[in-house]
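This report refers to the structure that appears directly beneath it.
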2 protein chains.
Amino acid sequence: MEPVSVGIVTPQKIGFASPLALDCGRTLPRYELMVETYGALNAAGSNAVLICHALSGDHHVAGVYSEGDNKPGWWDNCIGPGKPIDTTKFFVVALNNLGGCKGSTGPNTTNPETGKPWGPDFPLLTVSDWVRSQAALADHFGIAAWAAVVGGSLGGMQVQAWAIEYPARIRHALIIASAPELSAQNIAFNEIARQAILSDPDFHGGHFYEHGVVPSRGLKLARMLGHITYLSDAAMRAKFGVELKAATPSFNFDVEFEVESYLRHQGQSFVDRFDANTYLLMTKALDYFDPARDAGGELVRAYEKATAQFLVIAFSSDWRFSPARSREIVQALVAAGKDVSYVEIESELGHDDFLMPIPQYHRVLKNYLDRVAGEPS
Amino acid sequence: MEPVSVGIVTPQKIGFASPLALDCGRTLPRYELMVETYGALNAAGSNAVLICHALSGDHHVAGVYSEGDNKPGWWDNCIGPGKPIDTTKFFVVALNNLGGCKGSTGPNTTNPETGKPWGPDFPLLTVSDWVRSQAALADHFGIAAWAAVVGGSLGGMQVQAWAIEYPARIRHALIIASAPELSAQNIAFNEIARQAILSDPDFHGGHFYEHGVVPSRGLKLARMLGHITYLSDAAMRAKFGVELKAATPSFNFDVEFEVESYLRHQGQSFVDRFDANTYLLMTKALDYFDPARDAGGELVRAYEKATAQFLVIAFSSDWRFSPARSREIVQALVAAGKDVSYVEIESELGHDDFLMPIPQYHRVLKNYLDRVAGEPS
């Protein structure tokens with residue numbers, strides 16, 4: 001069939017009244033998750049696919065909110081009738097992670113104990129905390145086991161945690177453009193982004209909501225920095241060139257190169273749609289992710305509990321989470337005796353390629369998931 | 001001979017009363033340069049070597065300032081009796097570039113017209129402006145032509161400009177860990193560093209001196225960012241690891257990884273010794289460097305005027321100015337029919353390797369320069 005859009009979708013806020021014990025030692029007595037679903041759950045409850053989002057993603061993964069809406073969900077090219085994650089075959093569940101800023105309980109929602117925004121009092125979370133809340137979400141929908149859990153980047157870390165921590169509840173683990181843990185350079189980028197936010201006088205120790213301001217300078221810098229890691233050097237050159245916009249230098253600090261204009265725009269638009277406390281929380285969750293840590297430093301042992309089948313995908317031009325990092329995952333899975341397929345996609349853009357409709361990439365996803373859809377439930 | 005230190009050195013401030021026409025269209029009526037020299041100029045004036053510094057370098061390249069001084073100049077491992085740049089053979093000249101903050105006329109020195117620090121009124125400079133001021137410095141010492149001009153990184157750009165703009169005044173051009181112009185990614189890093197400084201409320205549009213503050217948050221972030229590009233990912237991992245310093249996460253924003261501690265320290269110590277306006281100026285000089293621009297976009301044509309012999313050195317682990325960038329220089333020089341040698345040093349640290357006493361690297365420099373010293377004057 002010709003791929004089409006899932007059309008108009010409606011998010012739903014789902015409340016959870018059971019307490020959630022967190023890795024930091026604290027417990028959330030109750031919480032809400034903002035969720036979108038596409039397609040229908042079959043009678044056996046066996047066709048559900050969970051989409052895990054990355055640093056700045058959310059629950060709005062596919063479709064639009066109204067007729068005239070020209071901003072579809074962030075992975076609309078991949079999810080819908082006839083698309084790689086085919087909503088005529090799968091019940092697709094997407095959420096805004098706990099601690100997010102798009103409707104799920106997080107720093108910018110109200111702390112019931114104080115009646116004020118949680119702000120910096122919202123606990124820092126781990127990938128495992130997210131997976132635990134996603135398991136409660138699966139319970140809510142009556143999903144005993146996901147047909148597949150799919151995620152790119154930080155999303156791919158959630159997929160790994162699912163496979164390790166809930167082996168009986170995940171049949172296929174699709175880990176895309178991810179890593180077994182951050183590199184020191186990845187942590188360094190996160191640390192600078194955090195310092196940019198934490199040192200912004202408008203951050204007010206995270207209590208900026210009460211001051212009627214946002215730490216826009218810091219958040220803007222953090223996002224600009226992120227974008228450097230999302231694109232390859234070659235892609236930046238192809239996209240922006242290195243020529244002055246004018247014939248001669250301006251000898252001031254106005255925009256003189258296309259890439260400056262791109263970064264300033266990306267930074268500013270992020271400030272308008274994202275929360276600084278959530279950004280901090282997301283970078284910490286990335287830093288903390290290290291399944292080997294809880295397995296005596298051995299990734300192979302960490303993966304031993306998994307029973308899912310794995311598909312690992314990396315992109316040749318990705319320098320944030322390079323193919324070498326994905327191969328670390330693959331090698332450890334192989335050493336642990338797991339069923340794993342690995343595909344390295346020739347690509348040009350960099351880390352952002354995991355969001356792009358690269359034909360080879362989408363063919364791999366589609367072939368794999370069509371096979372999953374055909375499995376006996 | 002066994003390499004030894006040049007010993008105790010004394011900087012000198014040299015005044016220039018002839019106006020310096022700048023690429024921005026303005027003219028500096030007079031200026032001062034902070035200079036150190038090592039060794040002695042021979043009677044023919046033919047054994048002089050100019051050292052061009054990089055973004056945060058200065059005139060203090062070798063030796064110490066007193067008996068107990070345990071902080072020798074920034075390239076002390078390479079310059080001195082018996083060292084690759086042998087001060088028993090060469091008269092070595094090093095300066096703090098114009099616009100610097102270590103004694104040469106720049107944003108933190110007094111503008112004679114106002115009696116206040118120049119601050120943001122100090123003109124933005126180009127690499128060619130520096131080379132023009134360095135030519136005046138050569139005149140001052142009675143040096144008709146440099147035996148060699150040597151520089152790493154931004155210093156290597158000055159070497160290129162020397163070869164192009166003063167072909168008769170430079171016999172050997174040693175271009176180390178450099179590039180023919182910045183990549184879009186290089187410009188992106190610079191732009192984020194600039195935005196960090198410019199958006200710091202303590203920057204006061206560059207007039208922070210009068211406010212008794214420094215834009216420490218912005219300058220710190222800029223420097224942390226720089227350090228990411230000075231080290232390779234592998235070197236960061238080898239140096240700092242990716243393990244938590246404690247057994248478990250702290251779930252706050254204190255230092256949790258060694259690399260965070262390193263970056264914070266580097267950032268803070270830079271604030272104590274560098275000027276924010278100079279940092280801005282240096283990044284702009286980097287951005288503007290593009291000899292091909294003035295030659296119809298063709299690097300080969302830009303190099304055509306050069307008559308020097310070239311030695312180009314790159315480091316395998318350098319991702320700021322990778323060997324591929326040095327090979328662009330080499331290929332254009334070859335196409336322009338120039339005499340050029342190219343050496344790629346196997347290295348691990350990254351861009352910072354150009355400052356390190358890597359045996360193969362220092363052997364190449366020493367062999368090359370010993371040959372230069374033996375040339376008839």
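Quick note on naming: the chains in the structure tokens go A, B, ... in the order shown, residues restart at 1 in each chain, and ligands are numbered from 1 in order of appearance.
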_Please list as a PyMOL selection string every residue within 7 Å of segment 39-55 of chain B, counting only C-alpha atoms and excluding residues in the same chain fewer than 4 positions away._
chain B and resi 87-88+90-94+142-143+145-155+158+282+373+377
Residues from last step as file, C-alpha atoms, as a compact mmCIF listing (two decimals), in the first residue's frame:
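Contents of selection20.txt, freshly written:
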# COMPACT_ATOMS: atom_id res chain seq x y z
CA THR B 87 68.35 28.76 20.26
CA THR B 88 72.06 28.15 19.80
CA PHE B 90 68.34 30.62 15.78
CA PHE B 91 67.21 34.00 17.02
CA VAL B 92 63.67 33.17 18.10
CA VAL B 93 61.07 35.93 18.25
CA ALA B 94 57.71 35.46 19.94
CA GLY B 142 66.48 44.40 11.32
CA ILE B 143 65.24 41.09 9.99
CA ALA B 145 63.55 37.77 5.96
CA TRP B 146 62.67 35.10 8.52
CA ALA B 147 64.61 31.89 8.22
CA ALA B 148 61.33 30.31 9.27
CA VAL B 149 57.90 31.28 10.49
CA VAL B 150 56.38 28.58 12.68
CA GLY B 151 52.91 28.21 14.10
CA GLY B 152 50.30 25.67 15.17
CA SER B 153 46.54 25.98 14.76
CA LEU B 154 45.67 29.68 14.38
CA GLY B 155 49.45 30.17 14.37
CA GLN B 158 49.57 33.28 10.27
CA MET B 282 40.54 35.73 18.26
CA ALA B 373 70.22 26.48 10.03
CA SER B 377 72.75 33.04 4.55
_Long-range neighbours of segment 11-24 of chain A as an MDAnalysis selection string, 10 Å cut-off, only C-alpha atoms, 2 positions minimum in chain_ = (chainID A and resid 9 26:37 59:60 65 94:96 103:105 123:130 132:133 136:137 140) or (chainID B and resid 248:252)
Put those residues in a file: C-alpha atoms, as a short mmCIF file (atom, residue, chain, number, x, y, z; two decimals), in the first residue's frame.
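Ended up saving to result.cif:
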data_model
loop_
_atom_site.label_atom_id
_atom_site.label_comp_id
_atom_site.auth_asym_id
_atom_site.auth_seq_id
_atom_site.Cartn_x
_atom_site.Cartn_y
_atom_site.Cartn_z
CA VAL A 9 -4.62 12.45 16.35
CA ARG A 26 12.46 8.99 46.30
CA THR A 27 8.95 7.89 45.36
CA LEU A 28 6.42 9.67 43.20
CA PRO A 29 3.07 8.99 44.91
CA ARG A 30 1.22 9.57 41.64
CA TYR A 31 1.96 10.91 38.18
CA GLU A 32 0.49 11.56 34.77
CA LEU A 33 1.82 10.65 31.34
CA MET A 34 0.88 12.39 28.12
CA VAL A 35 0.31 9.74 25.50
CA GLU A 36 -0.66 9.26 21.86
CA THR A 37 -1.65 5.96 20.29
CA HIS A 59 4.43 11.96 22.68
CA HIS A 60 3.46 13.61 19.40
CA TYR A 65 -3.74 17.90 15.46
CA ALA A 94 4.12 7.03 22.31
CA LEU A 95 4.52 9.07 25.46
CA ASN A 96 6.15 12.16 26.82
CA GLY A 103 2.22 17.46 29.66
CA SER A 104 3.65 14.54 31.61
CA THR A 105 4.46 15.07 35.27
CA PRO A 123 13.66 14.25 41.18
CA LEU A 124 16.41 13.52 38.67
CA LEU A 125 15.51 10.34 36.82
CA THR A 126 17.25 7.42 35.21
CA VAL A 127 16.45 5.52 32.05
CA SER A 128 15.31 2.67 34.31
CA ASP A 129 12.84 4.99 36.05
CA TRP A 130 11.34 5.79 32.66
CA ARG A 132 9.34 1.40 35.02
CA SER A 133 6.76 4.12 34.28
CA ALA A 136 2.83 0.90 34.18
CA LEU A 137 1.65 2.39 30.90
CA HIS A 140 -2.84 0.48 31.63
CA THR B 248 26.15 5.61 42.82
CA PRO B 249 24.81 8.77 41.17
CA SER B 250 24.40 11.80 43.40
CA PHE B 251 21.21 12.91 41.63
CA ASN B 252 22.29 16.53 41.72
#
*Got a sec to pull out which chain A residues are within 9 Å of chain B, counting only C-alpha atoms, and send them as a PyMOL selection string?*
chain A and resi 24+123-125+181-189+191-196+198-201+217-218+221+224-225+228+231-238+240-244+249-253+257-260+263-264+280+284+287-288+290+293
_Expected answer as an MDAnalysis selection string: helix (DSSP H, G or I) residues in segment 59-224 of chain B_ = chainID B and resid 119:121 127:141 154:165 167:169 184:198 201:206 208:211 216:224
*Please identify all polymer residues within 12 Å of Val340 of chain A, counting only C-alpha atoms, omitting same-chain residues fewer than 3 positions from it, and present them as a list in words.*
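Here the answer would be His172, Ala173, Leu174, Ile175, Tyr303, Ala306, Thr307, Ala308, Gln309, Phe310, Leu311, Val312, Ile313, Ser326, Arg327, Ile329, Val330, Gln331, Ala332, Leu333, Val334, Ala335, Ala336, Gly337, Val343 and Tyr368 of chain A.
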How would the residues just chosen look if you wrote them out with C-alpha atoms as an mmCIF file, in the first residue's frame?
data_model
loop_
_atom_site.group_PDB
_atom_site.id
_atom_site.type_symbol
_atom_site.label_atom_id
_atom_site.label_comp_id
_atom_site.auth_asym_id
_atom_site.auth_seq_id
_atom_site.Cartn_x
_atom_site.Cartn_y
_atom_site.Cartn_z
ATOM 1 C CA HIS A 172 11.869 -7.222 19.782
ATOM 2 C CA ALA A 173 14.289 -4.466 20.734
ATOM 3 C CA LEU A 174 15.093 -1.905 18.023
ATOM 4 C CA ILE A 175 18.079 0.168 19.116
ATOM 5 C CA TYR A 303 22.637 -8.155 28.473
ATOM 6 C CA ALA A 306 17.582 -10.262 27.842
ATOM 7 C CA THR A 307 15.430 -12.603 25.785
ATOM 8 C CA ALA A 308 14.297 -10.206 23.051
ATOM 9 C CA GLN A 309 15.520 -10.321 19.482
ATOM 10 C CA PHE A 310 17.599 -7.268 18.668
ATOM 11 C CA LEU A 311 17.918 -5.021 15.656
ATOM 12 C CA VAL A 312 20.703 -2.462 16.025
ATOM 13 C CA ILE A 313 20.979 0.337 13.462
ATOM 14 C CA SER A 326 26.521 0.497 18.131
ATOM 15 C CA ARG A 327 29.040 -2.238 17.361
ATOM 16 C CA ILE A 329 26.303 -3.087 21.774
ATOM 17 C CA VAL A 330 26.207 -5.732 19.028
ATOM 18 C CA GLN A 331 29.429 -7.405 20.121
ATOM 19 C CA ALA A 332 28.257 -7.608 23.721
ATOM 20 C CA LEU A 333 24.894 -9.016 22.621
ATOM 21 C CA VAL A 334 26.615 -11.610 20.445
ATOM 22 C CA ALA A 335 28.953 -12.515 23.288
ATOM 23 C CA ALA A 336 25.903 -12.907 25.511
ATOM 24 C CA GLY A 337 24.450 -15.338 22.970
ATOM 25 C CA VAL A 343 22.754 -2.634 9.975
ATOM 26 C CA TYR A 368 11.968 -6.295 10.075
#
